[in-house]
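Pasting protein-v2.pdb here (PDB, C-alpha atoms):
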```
ATOM      1  CA  MET D   1       0.000   0.000   0.000
ATOM      2  CA  ASN D   2       1.525   3.282  -1.091
ATOM      3  CA  VAL D   3       0.558   6.663   0.280
ATOM      4  CA  LYS D   4       0.707  10.131  -1.208
ATOM      5  CA  SER D   5      -0.647  13.554  -0.296
ATOM      6  CA  VAL D   6      -3.451  15.134  -2.303
ATOM      7  CA  ARG D   7      -5.223  18.455  -1.955
ATOM      8  CA  HIS D   8      -8.829  18.224  -0.814
ATOM      9  CA  PRO D   9     -11.065  21.277  -0.027
ATOM     10  CA  GLY D  10      -7.947  23.382   0.466
ATOM     11  CA  LEU D  11      -6.359  20.941   2.927
ATOM     12  CA  MET D  12      -3.657  18.310   2.584
ATOM     13  CA  ILE D  13      -4.923  14.824   3.369
ATOM     14  CA  VAL D  14      -3.703  11.369   2.499
ATOM     15  CA  SER D  15      -5.010   9.149  -0.295
ATOM     16  CA  PHE D  16      -4.202   5.469  -0.585
ATOM     17  CA  LEU D  17      -3.193   4.022  -3.956
ATOM     18  CA  LEU D  18      -4.055   0.321  -3.939
ATOM     19  CA  VAL D  19      -2.220  -1.738  -6.531
ATOM     20  CA  LEU D  20      -4.594  -4.329  -7.999
ATOM     21  CA  CYS D  21      -6.909  -4.124  -4.957
ATOM     22  CA  PHE D  22     -10.016  -3.578  -7.003
ATOM     23  CA  CYS D  23      -8.855  -5.779  -9.876
ATOM     24  CA  LEU D  24      -8.387  -9.061  -8.037
ATOM     25  CA  PRO D  25     -11.370 -11.283  -7.267
ATOM     26  CA  VAL D  26     -12.505 -11.192  -3.626
ATOM     27  CA  SER D  27     -11.376 -14.781  -3.067
ATOM     28  CA  LEU D  28      -7.765 -13.799  -3.804
ATOM     29  CA  GLN D  29      -7.892 -10.776  -1.482
ATOM     30  CA  ALA D  30      -9.569 -12.466   1.460
ATOM     31  CA  ASP D  31      -7.220 -15.223   2.629
ATOM     32  CA  TRP D  32      -7.017 -13.696   6.119
ATOM     33  CA  ARG D  33     -10.742 -14.297   6.631
ATOM     34  CA  ASN D  34     -10.087 -18.013   6.898
ATOM     35  CA  GLN D  35      -7.983 -17.361  10.011
ATOM     36  CA  PHE D  36     -10.417 -15.206  12.018
ATOM     37  CA  ASP D  37     -13.942 -15.855  13.279
ATOM     38  CA  GLU D  38     -14.213 -12.146  14.093
ATOM     39  CA  VAL D  39     -12.059  -9.022  14.204
ATOM     40  CA  LYS D  40     -11.866  -7.132  17.510
ATOM     41  CA  ILE D  41     -11.151  -3.404  17.724
ATOM     42  CA  GLY D  42     -10.309  -1.825  21.076
ATOM     43  CA  VAL D  43     -11.601   1.553  22.245
ATOM     44  CA  LEU D  44     -10.132   3.393  25.251
ATOM     45  CA  SER D  45     -12.145   4.368  28.317
ATOM     46  CA  GLY D  46     -11.932   8.159  28.054
ATOM     47  CA  GLU D  47     -15.701   8.395  27.693
ATOM     48  CA  ASN D  48     -18.416   6.768  29.783
ATOM     49  CA  GLU D  49     -19.346   3.239  28.712
ATOM     50  CA  LYS D  50     -22.839   4.041  27.442
ATOM     51  CA  ASP D  51     -21.737   6.861  25.148
ATOM     52  CA  ARG D  52     -18.636   4.983  24.044
ATOM     53  CA  ILE D  53     -20.719   2.016  22.885
ATOM     54  CA  ARG D  54     -23.215   4.326  21.162
ATOM     55  CA  ARG D  55     -20.501   6.238  19.290
ATOM     56  CA  TYR D  56     -18.873   3.078  17.936
ATOM     57  CA  LYS D  57     -21.977   0.960  17.273
ATOM     58  CA  MET D  58     -22.423   2.105  13.673
ATOM     59  CA  PHE D  59     -18.666   1.972  13.145
ATOM     60  CA  GLY D  60     -18.713  -1.715  14.081
ATOM     61  CA  LYS D  61     -21.488  -2.376  11.570
ATOM     62  CA  TYR D  62     -19.655  -0.430   8.869
ATOM     63  CA  MET D  63     -16.403  -2.332   9.446
ATOM     64  CA  THR D  64     -18.271  -5.653   9.460
ATOM     65  CA  LYS D  65     -19.682  -4.836   6.022
ATOM     66  CA  ALA D  66     -16.407  -3.434   4.708
ATOM     67  CA  LEU D  67     -14.282  -6.380   5.853
ATOM     68  CA  GLY D  68     -16.817  -9.109   5.193
ATOM     69  CA  LYS D  69     -16.223 -10.497   8.673
ATOM     70  CA  LYS D  70     -17.869  -9.814  12.039
ATOM     71  CA  VAL D  71     -16.234  -6.867  13.802
ATOM     72  CA  LYS D  72     -16.577  -6.605  17.579
ATOM     73  CA  ILE D  73     -15.843  -3.459  19.580
ATOM     74  CA  PHE D  74     -13.755  -4.240  22.661
ATOM     75  CA  THR D  75     -13.963  -1.943  25.689
ATOM     76  CA  ALA D  76     -12.334  -2.049  29.112
ATOM     77  CA  SER D  77     -12.637  -0.085  32.341
ATOM     78  CA  SER D  78      -9.124   1.348  31.952
ATOM     79  CA  TYR D  79      -6.672   2.183  29.189
ATOM     80  CA  ALA D  80      -4.448  -0.645  30.406
ATOM     81  CA  GLY D  81      -7.246  -3.130  29.697
ATOM     82  CA  VAL D  82      -7.087  -2.408  25.966
ATOM     83  CA  MET D  83      -3.275  -2.328  25.954
ATOM     84  CA  GLN D  84      -3.050  -5.686  27.728
ATOM     85  CA  ALA D  85      -5.687  -7.228  25.480
ATOM     86  CA  MET D  86      -3.679  -6.355  22.386
ATOM     87  CA  ALA D  87      -0.452  -7.603  23.961
ATOM     88  CA  ALA D  88      -2.239 -10.912  24.642
ATOM     89  CA  ASP D  89      -3.492 -11.127  21.008
ATOM     90  CA  GLN D  90      -7.088 -10.685  22.215
ATOM     91  CA  VAL D  91      -7.753  -7.667  19.977
ATOM     92  CA  GLU D  92      -6.475  -7.048  16.483
ATOM     93  CA  PHE D  93      -6.714  -3.247  16.286
ATOM     94  CA  ALA D  94      -7.255  -0.369  18.705
ATOM     95  CA  PHE D  95      -7.753   3.387  18.789
ATOM     96  CA  TYR D  96      -5.006   4.696  21.070
ATOM     97  CA  GLY D  97      -3.963   7.976  22.556
ATOM     98  CA  SER D  98      -0.283   8.801  22.043
ATOM     99  CA  SER D  99       0.758   7.738  25.542
ATOM    100  CA  SER D 100      -1.277   4.531  25.595
ATOM    101  CA  TYR D 101       0.177   3.645  22.190
ATOM    102  CA  ALA D 102       3.681   4.267  23.565
ATOM    103  CA  GLY D 103       2.858   2.080  26.563
ATOM    104  CA  ALA D 104       1.563  -0.693  24.311
ATOM    105  CA  TRP D 105       4.672  -0.375  22.131
ATOM    106  CA  LYS D 106       6.887  -0.925  25.181
ATOM    107  CA  GLU D 107       4.750  -3.760  26.531
ATOM    108  CA  MET D 108       4.703  -5.504  23.144
ATOM    109  CA  ASP D 109       8.423  -4.977  22.426
ATOM    110  CA  GLY D 110       7.567  -2.855  19.415
ATOM    111  CA  LYS D 111       5.272  -5.452  17.842
ATOM    112  CA  ILE D 112       2.535  -2.914  17.156
ATOM    113  CA  GLN D 113       2.000  -0.846  14.019
ATOM    114  CA  PRO D 114       0.425   2.649  13.979
ATOM    115  CA  LEU D 115      -1.649   3.100  10.833
ATOM    116  CA  LEU D 116      -3.767   6.258  10.755
ATOM    117  CA  THR D 117      -4.429   9.317  12.878
ATOM    118  CA  ARG D 118      -7.044  12.052  12.746
ATOM    119  CA  VAL D 119      -6.836  15.285  10.735
ATOM    120  CA  THR D 120      -9.136  18.215  11.538
ATOM    121  CA  ASP D 121     -10.710  20.914   9.411
ATOM    122  CA  ASP D 122      -7.881  23.366  10.098
ATOM    123  CA  GLY D 123      -5.341  20.841   8.801
ATOM    124  CA  SER D 124      -3.935  20.019  12.244
ATOM    125  CA  THR D 125      -3.159  16.539  13.524
ATOM    126  CA  GLY D 126      -2.750  17.384  17.178
ATOM    127  CA  TYR D 127      -4.544  18.493  20.320
ATOM    128  CA  TYR D 128      -3.770  19.815  23.807
ATOM    129  CA  SER D 129      -3.912  18.876  27.445
ATOM    130  CA  VAL D 130      -5.689  21.461  29.585
ATOM    131  CA  VAL D 131      -6.215  22.021  33.296
ATOM    132  CA  VAL D 132      -9.894  22.748  33.864
ATOM    133  CA  VAL D 133     -11.533  24.487  36.824
ATOM    134  CA  LYS D 134     -15.093  25.448  37.652
ATOM    135  CA  ALA D 135     -16.108  28.629  35.851
ATOM    136  CA  ASP D 136     -17.135  30.497  39.001
ATOM    137  CA  SER D 137     -13.989  29.530  40.939
ATOM    138  CA  PRO D 138     -11.332  32.151  41.805
ATOM    139  CA  TYR D 139      -8.585  30.221  39.992
ATOM    140  CA  LYS D 140      -7.024  32.094  37.059
ATOM    141  CA  THR D 141      -3.602  30.428  36.695
ATOM    142  CA  VAL D 142      -1.830  27.311  37.939
ATOM    143  CA  ASP D 143      -0.260  29.463  40.677
ATOM    144  CA  ASP D 144      -3.733  29.859  42.185
ATOM    145  CA  LEU D 145      -3.995  26.091  42.614
ATOM    146  CA  LYS D 146      -1.175  25.841  45.157
ATOM    147  CA  GLY D 147      -2.319  23.516  47.928
ATOM    148  CA  LYS D 148      -5.481  22.553  46.017
ATOM    149  CA  THR D 149      -6.673  19.202  44.627
ATOM    150  CA  LEU D 150      -5.722  18.225  41.059
ATOM    151  CA  ALA D 151      -7.221  15.186  39.339
ATOM    152  CA  PHE D 152      -5.333  13.436  36.577
ATOM    153  CA  GLY D 153      -7.222  11.009  34.334
ATOM    154  CA  ASP D 154      -6.004   7.502  33.586
ATOM    155  CA  PRO D 155      -2.308   6.701  34.244
ATOM    156  CA  ASN D 156      -1.952   5.769  30.550
ATOM    157  CA  SER D 157      -3.721   8.867  29.230
ATOM    158  CA  THR D 158      -1.622  11.304  27.223
ATOM    159  CA  SER D 159      -3.579  14.500  27.912
ATOM    160  CA  GLY D 160      -5.043  13.265  31.184
ATOM    161  CA  TYR D 161      -1.732  12.435  32.810
ATOM    162  CA  ALA D 162       1.574  12.055  30.939
ATOM    163  CA  VAL D 163       1.723  15.438  29.199
ATOM    164  CA  PRO D 164       0.348  17.586  32.064
ATOM    165  CA  TYR D 165       2.454  15.809  34.687
ATOM    166  CA  TYR D 166       5.626  16.129  32.614
ATOM    167  CA  ASN D 167       5.094  19.732  31.516
ATOM    168  CA  LEU D 168       3.828  21.049  34.836
ATOM    169  CA  LYS D 169       6.893  19.609  36.532
ATOM    170  CA  LYS D 170       9.189  21.112  33.893
ATOM    171  CA  GLN D 171       7.498  24.479  34.499
ATOM    172  CA  GLY D 172       8.252  24.316  38.215
ATOM    173  CA  TYR D 173       4.945  22.911  39.483
ATOM    174  CA  ASN D 174       5.991  19.586  40.980
ATOM    175  CA  PRO D 175       2.563  17.908  41.231
ATOM    176  CA  GLU D 176       3.329  15.959  44.422
ATOM    177  CA  LYS D 177       4.618  19.055  46.216
ATOM    178  CA  PHE D 178       2.795  22.007  44.665
ATOM    179  CA  PHE D 179      -0.770  20.728  44.928
ATOM    180  CA  GLY D 180      -2.417  19.795  48.192
ATOM    181  CA  SER D 181      -3.247  16.396  46.719
ATOM    182  CA  VAL D 182      -3.210  14.676  43.361
ATOM    183  CA  THR D 183      -5.386  11.755  42.371
ATOM    184  CA  PHE D 184      -6.559   9.753  39.383
ATOM    185  CA  SER D 185     -10.190  10.189  38.405
ATOM    186  CA  GLY D 186      -9.936   7.200  36.048
ATOM    187  CA  ALA D 187     -11.458   8.899  32.997
ATOM    188  CA  HIS D 188     -11.712  12.334  31.367
ATOM    189  CA  GLU D 189     -15.420  12.758  32.002
ATOM    190  CA  THR D 190     -15.110  11.635  35.623
ATOM    191  CA  GLY D 191     -12.486  14.292  36.262
ATOM    192  CA  ILE D 192     -14.597  17.090  34.790
ATOM    193  CA  LEU D 193     -17.676  15.928  36.697
ATOM    194  CA  GLY D 194     -15.538  15.963  39.840
ATOM    195  CA  VAL D 195     -14.591  19.590  39.184
ATOM    196  CA  TYR D 196     -18.183  20.601  38.500
ATOM    197  CA  ASN D 197     -19.447  18.821  41.644
ATOM    198  CA  GLY D 198     -16.703  20.251  43.865
ATOM    199  CA  GLN D 199     -14.814  16.992  44.417
ATOM    200  CA  PHE D 200     -11.673  18.381  42.748
ATOM    201  CA  ASP D 201     -10.436  21.935  42.379
ATOM    202  CA  ALA D 202      -9.001  21.150  38.941
ATOM    203  CA  ALA D 203      -8.721  18.272  36.488
ATOM    204  CA  CYS D 204      -6.697  17.458  33.383
ATOM    205  CA  THR D 205      -8.387  16.620  30.098
ATOM    206  CA  TRP D 206      -8.037  17.136  26.334
ATOM    207  CA  MET D 207      -9.033  19.903  23.960
ATOM    208  CA  THR D 208      -8.505  20.365  20.217
ATOM    209  CA  ASN D 209      -9.481  24.043  20.240
ATOM    210  CA  ASP D 210     -11.873  26.340  22.078
ATOM    211  CA  ALA D 211     -14.857  24.756  20.334
ATOM    212  CA  VAL D 212     -13.885  21.074  20.409
ATOM    213  CA  GLY D 213     -12.747  19.059  23.401
ATOM    214  CA  ASN D 214     -13.855  16.811  26.203
ATOM    215  CA  PHE D 215     -15.566  19.405  28.376
ATOM    216  CA  GLN D 216     -17.207  21.019  25.325
ATOM    217  CA  ARG D 217     -18.560  17.607  24.316
ATOM    218  CA  MET D 218     -19.867  17.088  27.868
ATOM    219  CA  MET D 219     -21.755  20.379  27.612
ATOM    220  CA  GLU D 220     -23.246  19.309  24.280
ATOM    221  CA  LYS D 221     -24.371  16.054  25.887
ATOM    222  CA  LYS D 222     -25.899  18.014  28.802
ATOM    223  CA  MET D 223     -23.648  16.243  31.299
ATOM    224  CA  ILE D 224     -22.647  19.650  32.674
ATOM    225  CA  PRO D 225     -24.240  23.087  32.074
ATOM    226  CA  GLU D 226     -22.982  25.307  29.269
ATOM    227  CA  GLY D 227     -20.140  27.536  30.476
ATOM    228  CA  SER D 228     -19.818  25.743  33.806
ATOM    229  CA  VAL D 229     -16.077  25.019  33.498
ATOM    230  CA  ARG D 230     -13.091  26.699  31.848
ATOM    231  CA  TYR D 231      -9.398  25.960  31.356
ATOM    232  CA  ILE D 232      -6.508  27.889  32.920
ATOM    233  CA  TRP D 233      -3.502  26.003  31.499
ATOM    234  CA  LYS D 234      -2.756  24.521  28.082
ATOM    235  CA  SER D 235       0.104  22.223  27.089
ATOM    236  CA  PRO D 236       2.242  22.282  23.980
ATOM    237  CA  GLU D 237       0.585  20.503  21.047
ATOM    238  CA  ILE D 238       0.258  16.715  21.361
ATOM    239  CA  THR D 239       0.339  14.374  18.392
ATOM    240  CA  ASN D 240      -3.049  12.723  17.817
ATOM    241  CA  GLY D 241      -3.029   9.075  18.820
ATOM    242  CA  PRO D 242      -3.119   6.319  16.199
ATOM    243  CA  PHE D 243      -5.404   3.592  15.009
ATOM    244  CA  ALA D 244      -2.955   0.724  15.421
ATOM    245  CA  ALA D 245      -2.639  -2.978  14.655
ATOM    246  CA  ARG D 246      -0.759  -5.929  16.062
ATOM    247  CA  SER D 247       2.293  -6.459  13.868
ATOM    248  CA  ASN D 248       1.698 -10.220  13.767
ATOM    249  CA  LEU D 249      -1.529  -9.849  11.775
ATOM    250  CA  PRO D 250      -1.709 -10.830   8.088
ATOM    251  CA  LYS D 251      -0.712  -7.878   5.921
ATOM    252  CA  ASP D 252      -3.927  -8.175   3.898
ATOM    253  CA  LEU D 253      -6.001  -7.781   7.061
ATOM    254  CA  ILE D 254      -4.045  -4.694   8.106
ATOM    255  CA  ASP D 255      -4.367  -3.203   4.618
ATOM    256  CA  ASP D 256      -8.101  -3.973   4.377
ATOM    257  CA  ALA D 257      -8.888  -2.479   7.786
ATOM    258  CA  THR D 258      -6.771   0.610   7.109
ATOM    259  CA  LEU D 259      -8.481   1.231   3.783
ATOM    260  CA  ALA D 260     -11.932   0.661   5.285
ATOM    261  CA  LEU D 261     -11.320   3.223   8.035
ATOM    262  CA  PHE D 262      -9.788   5.681   5.582
ATOM    263  CA  ARG D 263     -12.817   5.433   3.277
ATOM    264  CA  MET D 264     -15.405   5.526   6.069
ATOM    265  CA  ALA D 265     -16.289   9.220   5.648
ATOM    266  CA  SER D 266     -17.311   8.695   2.026
ATOM    267  CA  GLU D 267     -18.678   5.150   2.313
ATOM    268  CA  ASP D 268     -20.804   5.690   5.444
ATOM    269  CA  PRO D 269     -20.966   9.393   6.409
ATOM    270  CA  LYS D 270     -23.535   8.756   9.158
ATOM    271  CA  ALA D 271     -21.394   6.171  10.933
ATOM    272  CA  TYR D 272     -18.356   8.411  10.510
ATOM    273  CA  SER D 273     -20.012  11.524  11.962
ATOM    274  CA  GLU D 274     -21.379   9.495  14.867
ATOM    275  CA  MET D 275     -17.907   8.289  15.846
ATOM    276  CA  VAL D 276     -15.594  11.274  15.325
ATOM    277  CA  ASP D 277     -15.477  14.812  16.670
ATOM    278  CA  LYS D 278     -17.301  17.412  14.598
ATOM    279  CA  ASN D 279     -14.096  19.060  13.323
ATOM    280  CA  GLN D 280     -12.475  15.864  12.017
ATOM    281  CA  ILE D 281     -12.369  15.617   8.226
ATOM    282  CA  GLY D 282     -10.409  12.423   7.733
ATOM    283  CA  TRP D 283      -7.240  10.458   8.399
ATOM    284  CA  ILE D 284      -3.545  10.556   7.571
ATOM    285  CA  ALA D 285      -1.023   7.723   7.580
ATOM    286  CA  VAL D 286       1.488   7.590  10.456
ATOM    287  CA  ASN D 287       4.403   5.459  11.630
ATOM    288  CA  HIS D 288       6.202   4.919  14.928
ATOM    289  CA  ASN D 289       8.618   7.825  14.412
ATOM    290  CA  ARG D 290       5.725  10.181  15.068
ATOM    291  CA  TYR D 291       5.380   8.833  18.612
ATOM    292  CA  ALA D 292       9.007   8.214  19.594
ATOM    293  CA  TRP D 293       9.044  11.381  21.719
ATOM    294  CA  ILE D 294       6.085  10.072  23.710
ATOM    295  CA  VAL D 295       8.005   6.883  24.495
ATOM    296  CA  THR D 296      10.887   9.045  25.725
ATOM    297  CA  MET D 297       8.551  11.204  27.801
ATOM    298  CA  ARG D 298       7.021   8.160  29.504
ATOM    299  CA  ASP D 299      10.512   6.913  30.336
ATOM    300  CA  ASP D 300      11.416  10.339  31.749
ATOM    301  CA  ILE D 301       8.295  10.306  33.941
ATOM    302  CA  LYS D 302       9.287   6.907  35.337
ATOM    303  CA  LYS D 303      12.756   8.270  36.122
ATOM    304  CA  MET D 304      11.171  11.264  37.876
ATOM    305  CA  LYS D 305       9.068   8.932  40.004
ATOM    306  CA  ARG D 306      12.013   6.665  40.863
ATOM    307  CA  ALA D 307      14.035   9.739  41.841
ATOM    308  CA  ARG D 308      11.468  10.679  44.446
ATOM    309  CA  GLY D 309      11.223   7.103  45.745
ATOM    310  CA  ASN D 310       7.928   5.974  44.168
TER
END
```

Starting from the coordinates I provided, produce the structure as structure tokens.
Amino acid sequence: MNVKSVRHPGLMIVSFLLVLCFCLPVSLQADWRNQFDEVKIGVLSGENEKDRIRRYKMFGKYMTKALGKKVKIFTASSYAGVMQAMAADQVEFAFYGSSSYAGAWKEMDGKIQPLLTRVTDDGSTGYYSVVVVKADSPYKTVDDLKGKTLAFGDPNSTSGYAVPYYNLKKQGYNPEKFFGSVTFSGAHETGILGVYNGQFDAACTWMTNDAVGNFQRMMEKKMIPEGSVRYIWKSPEITNGPFAARSNLPKDLIDDATLALFRMASEDPKAYSEMVDKNQIGWIAVNHNRYAWIVTMRDDIKKMKRARGN
């Protein structure tokens, strides 16, 4: 499968050129189907279970039709659940954040292959970690949170933990010493709900821009009132996480699944819009080099923790 850039509505996106894909009879393209009763795709736990299942229900049906084999969506209560399932060959593909991908890459000794990542309507392929507080709170900057409670998300979350922990510490805000207490909420939505309900003074989550992000989505879903929270800190840009595959899968399966996801917006616009954020316009191809800095950052965080005796 070769990849090249093409211009589409003023933006650069990636188009796949498939040699002979549409010329060969299905029987010659589908050898991998004899090896699998179903194909499992993992989804991380950043969103509550009910909404996560709803968002990916039509995607599962689309992929089942596109691949000609039953596709099952795999969920777990933590990011580690999806990472461990792939390492144990229990799922074939997964949608990862950058940090969870890096963790899976380490756990699987590099036997994982990033395939595609998201591109948004402004041409960007990244997002940000933000520290969110209640809108009517007195907190204006991180300095105002000294001695207060900060909630990280999942330990394997990029924007919910790795990036804010690493960057806050580099900026002189040692989380274990600067804040009164730090905790893990377990998920992005749980952290924001904790801020809104007064359980935490601040929480870390993700945001693409001022219109698109976790807390904006929660407002749209009426989980919290409009304008009830705001952010006071934003990280450097984070590379969007990949749709990734186990490296020990048949190449034809990897190619078929990659093409199906890439073509989803045109083949099944309803399923596509249900699954992705409103500013996503498609996908671009990626490889491990894009995430090498995340692997290094995770290693640095472990060194920081060992240095303080944890």

Could you build a table of the residues in segment 116-163 of chain D lying no more than 9 Å from segment 228-244 of chain D, giving for each the nearest pair of atoms and their separation in Å rounded to one decimal place, using only C-alpha atoms, ordered by chain and ascending residue number, as JSON lines?
```
{"residue": "D:Leu116", "atom": "CA", "partner": "D:Phe243", "partner_atom": "CA", "distance": 5.3}
{"residue": "D:Thr117", "atom": "CA", "partner": "D:Pro242", "partner_atom": "CA", "distance": 4.7}
{"residue": "D:Arg118", "atom": "CA", "partner": "D:Asn240", "partner_atom": "CA", "distance": 6.5}
{"residue": "D:Val119", "atom": "CA", "partner": "D:Asn240", "partner_atom": "CA", "distance": 8.4}
{"residue": "D:Thr125", "atom": "CA", "partner": "D:Asn240", "partner_atom": "CA", "distance": 5.7}
{"residue": "D:Gly126", "atom": "CA", "partner": "D:Thr239", "partner_atom": "CA", "distance": 4.5}
{"residue": "D:Tyr127", "atom": "CA", "partner": "D:Ile238", "partner_atom": "CA", "distance": 5.2}
{"residue": "D:Tyr128", "atom": "CA", "partner": "D:Glu237", "partner_atom": "CA", "distance": 5.2}
{"residue": "D:Ser129", "atom": "CA", "partner": "D:Ser235", "partner_atom": "CA", "distance": 5.2}
{"residue": "D:Val130", "atom": "CA", "partner": "D:Lys234", "partner_atom": "CA", "distance": 4.5}
{"residue": "D:Val131", "atom": "CA", "partner": "D:Trp233", "partner_atom": "CA", "distance": 5.1}
{"residue": "D:Val132", "atom": "CA", "partner": "D:Tyr231", "partner_atom": "CA", "distance": 4.1}
{"residue": "D:Val133", "atom": "CA", "partner": "D:Val229", "partner_atom": "CA", "distance": 5.7}
{"residue": "D:Lys134", "atom": "CA", "partner": "D:Val229", "partner_atom": "CA", "distance": 4.3}
{"residue": "D:Ala135", "atom": "CA", "partner": "D:Val229", "partner_atom": "CA", "distance": 4.3}
{"residue": "D:Asp136", "atom": "CA", "partner": "D:Ser228", "partner_atom": "CA", "distance": 7.5}
{"residue": "D:Ser137", "atom": "CA", "partner": "D:Val229", "partner_atom": "CA", "distance": 8.9}
{"residue": "D:Tyr139", "atom": "CA", "partner": "D:Ile232", "partner_atom": "CA", "distance": 7.7}
{"residue": "D:Lys140", "atom": "CA", "partner": "D:Ile232", "partner_atom": "CA", "distance": 5.9}
{"residue": "D:Thr141", "atom": "CA", "partner": "D:Ile232", "partner_atom": "CA", "distance": 5.4}
{"residue": "D:Val142", "atom": "CA", "partner": "D:Trp233", "partner_atom": "CA", "distance": 6.8}
{"residue": "D:Thr158", "atom": "CA", "partner": "D:Ile238", "partner_atom": "CA", "distance": 8.2}
{"residue": "D:Ser159", "atom": "CA", "partner": "D:Ile238", "partner_atom": "CA", "distance": 7.9}
{"residue": "D:Val163", "atom": "CA", "partner": "D:Ser235", "partner_atom": "CA", "distance": 7.3}
```

Counting all atoms listed in the file, I want the residues whose atoms come within 12 Å of (-9.7, 2.1, 28.2) in the file frame, returned as a ChimeraX atom specification.
/D:41-49,52,73-86,94-97,100-101,153-157,186-188

Shell of 9 Å around Gly191 of chain D, all atoms listed in the file, local chain residues under 6 positions omitted, as a PyMOL selection string
chain D and resi 151-153+184-185+199-200+202-205

Evaluate the PyMOL selection byres ((chain D and resi 279-285) around 8) here and jot the selected residues down as a PyMOL selection string.
chain D and resi 3+13-14+115-121+212+262+265+276-278+286-287

Tell me which of D:Lys170, D:Lys106, D:Arg298, D:Lys72 sits closest to Lys57 of chain D, counting only C-alpha atoms.
D:Lys72

Could you give me, as an MDAnalysis selection string, the residues that sit within 6 Å of (2.5, 6.4, 22.3) in the file's coordinates, counting all atoms listed in the file?
chainID D and resid 98:102 291 294:295

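Counting all atoms listed in the file, the residue from D:Arg246, D:Lys303, D:Lys222, D:Arg290 that sits nearest to Val39 of chain D is D:Arg246.
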
D:Ala162, D:Val195, D:Leu145, D:Ala211 ranked by distance to Phe179 of chain D, top pick (using all atoms listed in the file):
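Of D:Ala162, D:Val195, D:Leu145, D:Ala211, the one nearest Phe179 of chain D, counting all atoms listed in the file, is D:Leu145.
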
Coordinates-based distance that separates atom CA of Asp109 of chain D from atom CA of His288 of chain D (Å, one decimal)
12.6 Å

For Leu67 of chain D, the nearest of the candidates D:Asp144, D:Glu38, D:Glu176, D:Glu274, counting all atoms listed in the file:
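Nearest to Leu67 of chain D: D:Glu38.
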
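When atom CA of Gly227 of chain D is paired with atom CA of Glu189 of chain D, their separation reads 15.6 Å.
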
Å distance separating atom CA of Leu261 of chain D from atom CA of Met63 of chain D, one decimal place:
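Straight-line distance from atom CA of Leu261 of chain D to atom CA of Met63 of chain D works out to 7.7 Å.
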
Could you check which of D:Val182, D:Leu150, D:Ala245, D:Met275 is closest to Val91 of chain D, using only C-alpha atoms?
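Once distances to Val91 of chain D are computed over only C-alpha atoms, the minimum belongs to D:Ala245.
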
Polymer residues at most 12 Å from Phe36 of chain D, all atoms listed in the file, same-chain spacing of 5 or more positions, as number ranges by chain:
D: 30-31, 67-72, 90-92, 249-250, 253

Counting all atoms listed in the file, the option among D:Phe59, D:Thr149, D:Asn34, D:Ser273 closest to Gly180 of chain D:
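Looking at the shortest contact to Gly180 of chain D, the residue is D:Thr149.
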